[in-house]
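Chemist: Below is work.cif; it holds mmCIF, C-alpha atoms and all ligand atoms.
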```
data_coords
#
loop_
_atom_site.label_atom_id
_atom_site.label_comp_id
_atom_site.auth_asym_id
_atom_site.auth_seq_id
_atom_site.Cartn_x
_atom_site.Cartn_y
_atom_site.Cartn_z
CA MET A 1 6.13 9.86 -13.24
CA ARG A 2 6.79 10.73 -9.62
CA SER A 3 9.47 8.53 -8.04
CA PHE A 4 8.39 6.21 -5.26
CA ASP A 5 9.79 3.53 -2.97
CA LEU A 6 7.56 0.56 -2.17
CA SER A 7 9.81 -0.77 0.61
CA LEU A 8 7.48 -0.22 3.56
CA TYR A 9 3.95 0.62 2.51
CA LEU A 10 1.47 1.46 5.28
CA VAL A 11 -2.23 1.10 4.49
CA LEU A 12 -4.28 3.13 6.96
CA ASP A 13 -7.48 1.68 8.35
CA PRO A 14 -9.68 4.05 10.38
CA GLY A 15 -10.89 1.31 12.71
CA LEU A 16 -7.49 -0.15 13.50
CA CYS A 17 -5.96 3.33 13.81
CA ALA A 18 -8.76 4.57 16.07
CA GLY A 19 -6.49 4.98 19.10
CA ILE A 20 -4.15 7.75 18.01
CA GLY A 21 -5.84 8.25 14.64
CA MET A 22 -4.68 7.88 11.07
CA VAL A 23 -2.66 11.08 10.85
CA GLU A 24 -0.62 10.38 13.98
CA THR A 25 -0.17 6.75 12.95
CA ALA A 26 1.13 7.84 9.56
CA ARG A 27 3.48 10.38 11.11
CA ALA A 28 4.87 7.77 13.50
CA ALA A 29 5.19 5.12 10.81
CA VAL A 30 7.09 7.44 8.48
CA ALA A 31 9.39 8.46 11.35
CA GLY A 32 10.04 4.73 11.77
CA GLY A 33 10.80 4.20 8.09
CA ALA A 34 7.54 3.81 6.15
CA THR A 35 8.05 4.98 2.57
CA MET A 36 4.45 5.07 1.34
CA VAL A 37 1.12 5.71 3.06
CA GLN A 38 -2.25 4.76 1.63
CA LEU A 39 -5.46 6.29 2.93
CA ARG A 40 -8.02 3.50 2.80
CA ASP A 41 -11.18 4.72 4.47
CA LYS A 42 -14.39 3.07 3.39
CA THR A 43 -16.40 4.53 6.25
CA GLY A 44 -16.96 8.08 5.05
CA GLY A 45 -17.58 9.73 1.72
CA THR A 46 -15.33 11.82 -0.49
CA ALA A 47 -15.61 14.90 1.75
CA ARG A 48 -14.29 12.99 4.76
CA THR A 49 -11.53 11.38 2.71
CA VAL A 50 -10.49 14.80 1.42
CA GLU A 51 -10.42 16.23 4.95
CA ILE A 52 -8.24 13.43 6.34
CA GLY A 53 -6.16 13.29 3.16
CA ARG A 54 -5.28 16.98 3.42
CA ALA A 55 -4.20 16.50 7.03
CA LEU A 56 -2.11 13.51 5.97
CA LYS A 57 -0.53 15.48 3.16
CA ASP A 58 0.51 18.19 5.63
CA ALA A 59 1.83 15.59 8.06
CA LEU A 60 3.94 13.89 5.38
CA ALA A 61 5.21 17.08 3.71
CA GLY A 62 8.99 17.07 3.48
CA THR A 63 9.37 13.45 4.58
CA GLY A 64 9.72 11.95 1.10
CA ALA A 65 6.97 9.44 1.85
CA ARG A 66 4.29 9.21 -0.83
CA LEU A 67 0.58 9.60 -0.12
CA ILE A 68 -1.77 7.33 -2.06
CA VAL A 69 -5.58 7.36 -1.88
CA ASN A 70 -7.53 4.11 -2.16
CA ASP A 71 -10.40 3.95 -4.68
CA ASP A 72 -11.56 7.55 -4.57
CA VAL A 73 -9.93 9.24 -7.54
CA ALA A 74 -11.87 12.48 -7.09
CA ALA A 75 -10.64 12.70 -3.49
CA ALA A 76 -7.06 12.00 -4.56
CA VAL A 77 -7.22 14.86 -7.05
CA ALA A 78 -8.80 17.23 -4.51
CA ILE A 79 -6.14 16.35 -1.92
CA GLY A 80 -3.28 16.69 -4.39
CA ALA A 81 -2.13 13.23 -3.34
CA ASP A 82 0.84 11.56 -5.00
CA GLY A 83 -1.35 8.82 -6.41
CA VAL A 84 -4.28 6.46 -6.37
CA HIS A 85 -4.71 2.75 -5.69
CA VAL A 86 -7.57 0.86 -7.33
CA GLY A 87 -8.81 -2.70 -7.10
CA GLN A 88 -10.17 -4.89 -9.84
CA GLY A 89 -13.75 -3.81 -9.15
CA ASP A 90 -12.98 -0.11 -8.95
CA MET A 91 -12.55 2.53 -11.62
CA ALA A 92 -10.75 1.12 -14.68
CA VAL A 93 -7.04 1.95 -14.72
CA ALA A 94 -7.31 3.81 -18.03
CA GLU A 95 -9.92 6.13 -16.59
CA ALA A 96 -8.04 6.51 -13.31
CA ARG A 97 -4.87 7.39 -15.21
CA ALA A 98 -6.73 9.91 -17.35
CA ARG A 99 -8.15 11.59 -14.24
CA ILE A 100 -4.99 11.73 -12.15
CA GLY A 101 -2.64 12.64 -14.97
CA PRO A 102 0.67 11.23 -16.17
CA GLU A 103 2.72 12.39 -13.17
CA ALA A 104 0.69 10.65 -10.45
CA ILE A 105 1.36 7.15 -9.14
CA LEU A 106 -1.22 4.51 -10.05
CA GLY A 107 -1.41 1.23 -8.13
CA LEU A 108 -3.59 -1.78 -8.94
CA SER A 109 -4.48 -4.78 -6.75
CA VAL A 110 -4.07 -8.20 -8.34
CA GLU A 111 -5.05 -11.52 -6.83
CA THR A 112 -3.96 -13.98 -9.53
CA PRO A 113 -1.10 -14.37 -12.03
CA GLU A 114 -3.64 -13.78 -14.83
CA LEU A 115 -4.65 -10.42 -13.38
CA ALA A 116 -0.98 -9.53 -12.86
CA ALA A 117 -0.23 -10.38 -16.50
CA ALA A 118 -3.19 -8.29 -17.64
CA ALA A 119 -1.99 -5.15 -15.84
CA ASP A 120 -0.75 -2.63 -18.39
CA PRO A 121 2.74 -1.30 -17.57
CA ALA A 122 1.95 1.79 -19.63
CA LEU A 123 -0.78 2.70 -17.15
CA VAL A 124 0.03 1.00 -13.84
CA ASP A 125 3.10 2.00 -11.80
CA TYR A 126 2.94 -0.76 -9.19
CA ILE A 127 0.81 -3.77 -8.37
CA GLY A 128 -0.39 -4.79 -4.93
CA ALA A 129 0.07 -8.57 -4.97
CA GLY A 130 -1.70 -11.00 -2.68
CA PRO A 131 -3.35 -11.59 -0.39
CA VAL A 132 -0.43 -13.65 0.86
CA PHE A 133 -2.29 -14.74 4.00
CA ALA A 134 -5.88 -14.58 5.13
CA THR A 135 -6.41 -11.50 7.27
CA PRO A 136 -9.22 -10.18 9.46
CA THR A 137 -8.29 -6.66 8.35
CA LYS A 138 -10.09 -7.28 5.04
CA PRO A 139 -12.71 -9.95 5.71
CA ASP A 140 -13.90 -9.97 2.08
CA HIS A 141 -10.44 -10.56 0.65
CA GLU A 142 -9.85 -13.00 -2.17
CA GLN A 143 -8.38 -16.45 -1.59
CA ALA A 144 -5.02 -16.28 0.20
CA VAL A 145 -2.24 -17.28 -2.20
CA GLY A 146 0.78 -17.98 0.03
CA PHE A 147 4.34 -17.35 -1.08
CA ASP A 148 4.05 -19.63 -4.11
CA GLY A 149 1.06 -17.64 -5.32
CA LEU A 150 2.90 -14.39 -4.65
CA ILE A 151 5.89 -15.59 -6.67
CA ALA A 152 3.59 -16.54 -9.56
CA GLN A 153 1.85 -13.15 -9.53
CA ILE A 154 5.12 -11.24 -9.48
CA ALA A 155 6.65 -13.42 -12.21
CA ALA A 156 3.64 -12.78 -14.45
CA SER A 157 4.23 -9.01 -14.62
CA SER A 158 7.07 -6.60 -15.28
CA ILE A 159 5.45 -4.01 -13.01
CA PRO A 160 7.04 -3.46 -9.56
CA ALA A 161 5.08 -5.28 -6.86
CA VAL A 162 4.34 -4.74 -3.20
CA ALA A 163 3.03 -7.75 -1.27
CA ILE A 164 0.02 -7.54 1.08
CA GLY A 165 -2.07 -9.71 3.37
CA GLY A 166 -1.27 -10.78 6.93
CA LEU A 167 2.38 -9.77 6.68
CA LYS A 168 4.62 -9.32 9.72
CA VAL A 169 8.35 -8.80 10.34
CA ARG A 170 9.08 -12.51 9.93
CA HIS A 171 7.68 -12.39 6.39
CA VAL A 172 9.99 -9.66 5.08
CA ALA A 173 12.66 -12.10 3.90
CA PRO A 174 10.34 -14.42 1.93
CA VAL A 175 8.43 -11.45 0.50
CA LEU A 176 11.61 -9.88 -0.86
CA ALA A 177 12.88 -13.28 -2.02
CA ALA A 178 9.65 -13.64 -3.99
CA GLY A 179 10.68 -10.58 -5.97
CA ALA A 180 8.50 -7.95 -4.29
CA ARG A 181 9.93 -4.45 -3.95
CA GLY A 182 8.32 -4.07 -0.59
CA ILE A 183 5.81 -5.09 2.04
CA ALA A 184 2.40 -3.52 2.60
CA VAL A 185 0.84 -3.76 6.04
CA VAL A 186 -2.12 -2.54 7.99
CA SER A 187 -2.30 -4.28 11.37
CA ALA A 188 1.46 -4.72 11.76
CA ILE A 189 1.57 -0.93 12.30
CA CYS A 190 -1.99 0.42 12.75
CA GLY A 191 -3.14 -0.02 16.32
CA GLN A 192 0.21 -1.28 17.57
CA PRO A 193 1.15 0.12 20.99
CA ASP A 194 4.10 1.92 19.38
CA PRO A 195 3.53 2.33 15.62
CA GLU A 196 6.89 4.06 15.13
CA ALA A 197 8.74 1.15 16.72
CA ALA A 198 6.64 -1.32 14.72
CA ALA A 199 7.55 0.48 11.49
CA ARG A 200 11.20 0.65 12.53
CA ASP A 201 11.29 -3.11 13.16
CA LEU A 202 9.95 -3.72 9.67
CA ALA A 203 12.28 -1.16 8.06
CA LYS A 204 15.30 -2.60 9.86
CA GLU A 205 14.43 -6.10 8.70
CA ILE A 206 14.08 -4.88 5.10
CA GLU A 207 17.54 -3.27 5.37
CA ALA A 208 19.00 -6.41 6.95
CA VAL A 209 17.58 -8.70 4.27
CA ARG A 210 18.82 -6.43 1.47
CA SER A 211 22.29 -6.17 2.99
CA ARG A 212 22.57 -9.97 3.03
CA ARG A 213 21.96 -10.21 -0.71
N1 LIG A 301 -5.79 -6.02 0.59
C1 LIG A 301 -5.52 -7.31 0.58
S1 LIG A 301 -5.27 -7.92 2.14
C2 LIG A 301 -5.52 -6.37 2.82
C3 LIG A 301 -5.80 -5.47 1.82
C4 LIG A 301 -6.08 -4.04 2.01
C5 LIG A 301 -5.45 -6.09 4.28
C6 LIG A 301 -4.10 -6.35 4.85
O1 LIG A 301 -4.12 -6.06 6.24
P1 LIG A 301 -3.10 -6.72 7.26
O2 LIG A 301 -3.59 -6.23 8.60
O3 LIG A 301 -1.74 -6.18 6.95
O4 LIG A 301 -3.22 -8.19 7.12
MG MG A 302 -10.71 -0.75 -3.94
#
```
Could you rewrite the structure in this file as structure tokens?
Modeler:
Amino acid sequence: MRSFDLSLYLVLDPGLCAGIGMVETARAAVAGGATMVQLRDKTGGTARTVEIGRALKDALAGTGARLIVNDDVAAAVAIGADGVHVGQGDMAVAEARARIGPEAILGLSVETPELAAAADPALVDYIGAGPVFATPTKPDHEQAVGFDGLIAQIAASSIPAVAIGGLKVRHVAPVLAAGARGIAVVSAICGQPDPEAAARDLAKEIEAVRSRR
């Protein structure tokens, strides 16, 4: 499987990134220290996702950051992305794995310890755990679980976890203390006046917390 680093995981939202756009936001975030970028665009179809995804792939080439596509496995394959992220209601992980192949990265969202425990480590490379806090970025999100819920989800699985949901710089320490390998954010970077600086603030805090361990 392709190596990956969950430390600072940017999820792109076309609405929140509307100012400078998703490609420029991703470029800035990676310059600031983002290690993974997920294209999560529910506004267009596969053709649009493929178009943006190819531009993202070019923008991230040579940076070491991984490009993940949300939901749309066919688009991920067409883009030649590093991986795919699916939710509980999306394509089953066995089918997603079969379509993307053994080398690609497969992420799965979980919202409870039971769902975390049910994730198959033979198929799933990382879990997206949360939502830690309620967030307007995803109005239809499941019940927010807080840090106790996050800890329970992470403890229920041997699969590396990245935490998501309303997370900001001040949450880096408790997220890492909960056992997450990293922090996933949308609005803490997308649409910020200076996305590179926003990513750098998060990356610096991750470094600082790890160096105190
Ligand atoms: N999945 C659970 S919460 C969420 C997703 C995609 C949105 C997180 O956005 P933000 O702006 O970082 O709270
Ligand atoms: Mg989904």
Chemist: Pick out the residues sitting within 6 Å of range 79-81 of chain A, and hand them over as an mmCIF file with C-alpha atoms, keeping the file's coordinate frame; count all atoms listed in the file, and ignore anything fewer than 6 positions along from it in its own chain.
Modeler:
```cif
data_model
loop_
_atom_site.group_PDB
_atom_site.id
_atom_site.type_symbol
_atom_site.label_atom_id
_atom_site.label_comp_id
_atom_site.auth_asym_id
_atom_site.auth_seq_id
_atom_site.Cartn_x
_atom_site.Cartn_y
_atom_site.Cartn_z
ATOM 1 C CA VAL A 50 -10.490 14.800 1.420
ATOM 2 C CA GLY A 53 -6.160 13.290 3.160
ATOM 3 C CA ARG A 54 -5.280 16.980 3.420
ATOM 4 C CA LEU A 67 0.580 9.600 -0.120
#
```
Chemist: Can you tell me which residues sit at most 10 Å away from ligand LIG 301 (chain A), counting only C-alpha atoms and all ligand atoms, written as a ChimeraX atom specification?
Modeler: /A:9-13,16,38,40,70,87,109-111,128-144,163-168,183-191
Chemist: Closest to Val93 in chain A among A:Glu114, A:Glu205, A:Glu196, A:Asp120, using only C-alpha atoms?
Modeler: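 Between A:Glu114, A:Glu205, A:Glu196, A:Asp120, the residue approaching Val93 in chain A most closely is A:Asp120.
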Chemist: For a test of reading the model, state the distance in Å between CA of Met36 in chain A and CA of Val145 in chain A, rounded to one decimal.
Modeler: 23.6 Å
Chemist: Residues within 6 Å of ligand MG 302 (chain A) (only C-alpha atoms and all ligand atoms), as a list of chain:residue names?
Modeler: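 These are the residues that qualify: A:Asp71, A:Val86, A:Gly87, A:Asp90.
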Chemist: Identify which of the residues A:Ala34, A:Ala203, A:Ile154, A:Ala29 lies closest to Ala173 in chain A, counting only C-alpha atoms when measuring atom-to-atom distances.
Modeler: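 So, comparing all the options, the nearest one is A:Ala203.
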Chemist: Between A:Val30, A:Cys17, A:Ala78, A:Ala178, which one has atoms that come closest to Arg200 in chain A, using all atoms listed in the file?
Modeler: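 Residue with the minimum atom-to-atom distance to Arg200 in chain A: A:Val30.
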Chemist: Taking into account all atoms listed in the file, which residue in the set A:Ala122, A:Ala76, A:Ala104, A:Ala31 is nearest to Phe4 in chain A?
Modeler: A:Ala104
Chemist: Between A:Met91, A:Ile159, A:Leu60, A:Val73, which residue has the minimum interatomic distance to Leu115 in chain A, considering all atoms listed in the file?
Modeler: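 Comparing A:Met91, A:Ile159, A:Leu60, A:Val73 against Leu115 in chain A, the winner is A:Ile159.
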Chemist: CA of Asp201 in chain A to CA of Leu8 in chain A: how many Å, to one decimal?
Modeler: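 That distance, rounded to one decimal, is 10.7 Å.
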Chemist: Pick from A:Ala59, A:Ala26, A:Ala96, A:Val172: nearest to Asp72 in chain A, with only C-alpha atoms counted?
Modeler: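 So, comparing all the options, the nearest one is A:Ala96.
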Chemist: So the first atom is CA of Ala117 in chain A and the second is CA of Ala177 in chain A; what is the distance between them in Å, to one decimal place?
Modeler: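 Between CA of Ala117 in chain A and CA of Ala177 in chain A the gap is 19.7 Å.
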Chemist: Would you list the residues near (-3.8, 10.9, 12.9) (no more than 10 Å away, in the coordinates of the file, using all atoms listed in the file) as a ChimeraX atom specification?
Modeler: /A:12,14,17-28,52,55-56,59
Chemist: Write out as an mmCIF file with C-alpha atoms, keeping the file's coordinate frame which residues come within 8 Å of Asp125 in chain A when counting only C-alpha atoms, dropping same-chain ones fewer than 6 positions away.
Modeler:
```cif
data_model
loop_
_atom_site.group_PDB
_atom_site.id
_atom_site.type_symbol
_atom_site.label_atom_id
_atom_site.label_comp_id
_atom_site.auth_asym_id
_atom_site.auth_seq_id
_atom_site.Cartn_x
_atom_site.Cartn_y
_atom_site.Cartn_z
ATOM 1 C CA ILE A 105 1.360 7.150 -9.140
ATOM 2 C CA LEU A 106 -1.220 4.510 -10.050
ATOM 3 C CA GLY A 107 -1.410 1.230 -8.130
ATOM 4 C CA ILE A 159 5.450 -4.010 -13.010
ATOM 5 C CA PRO A 160 7.040 -3.460 -9.560
#
```
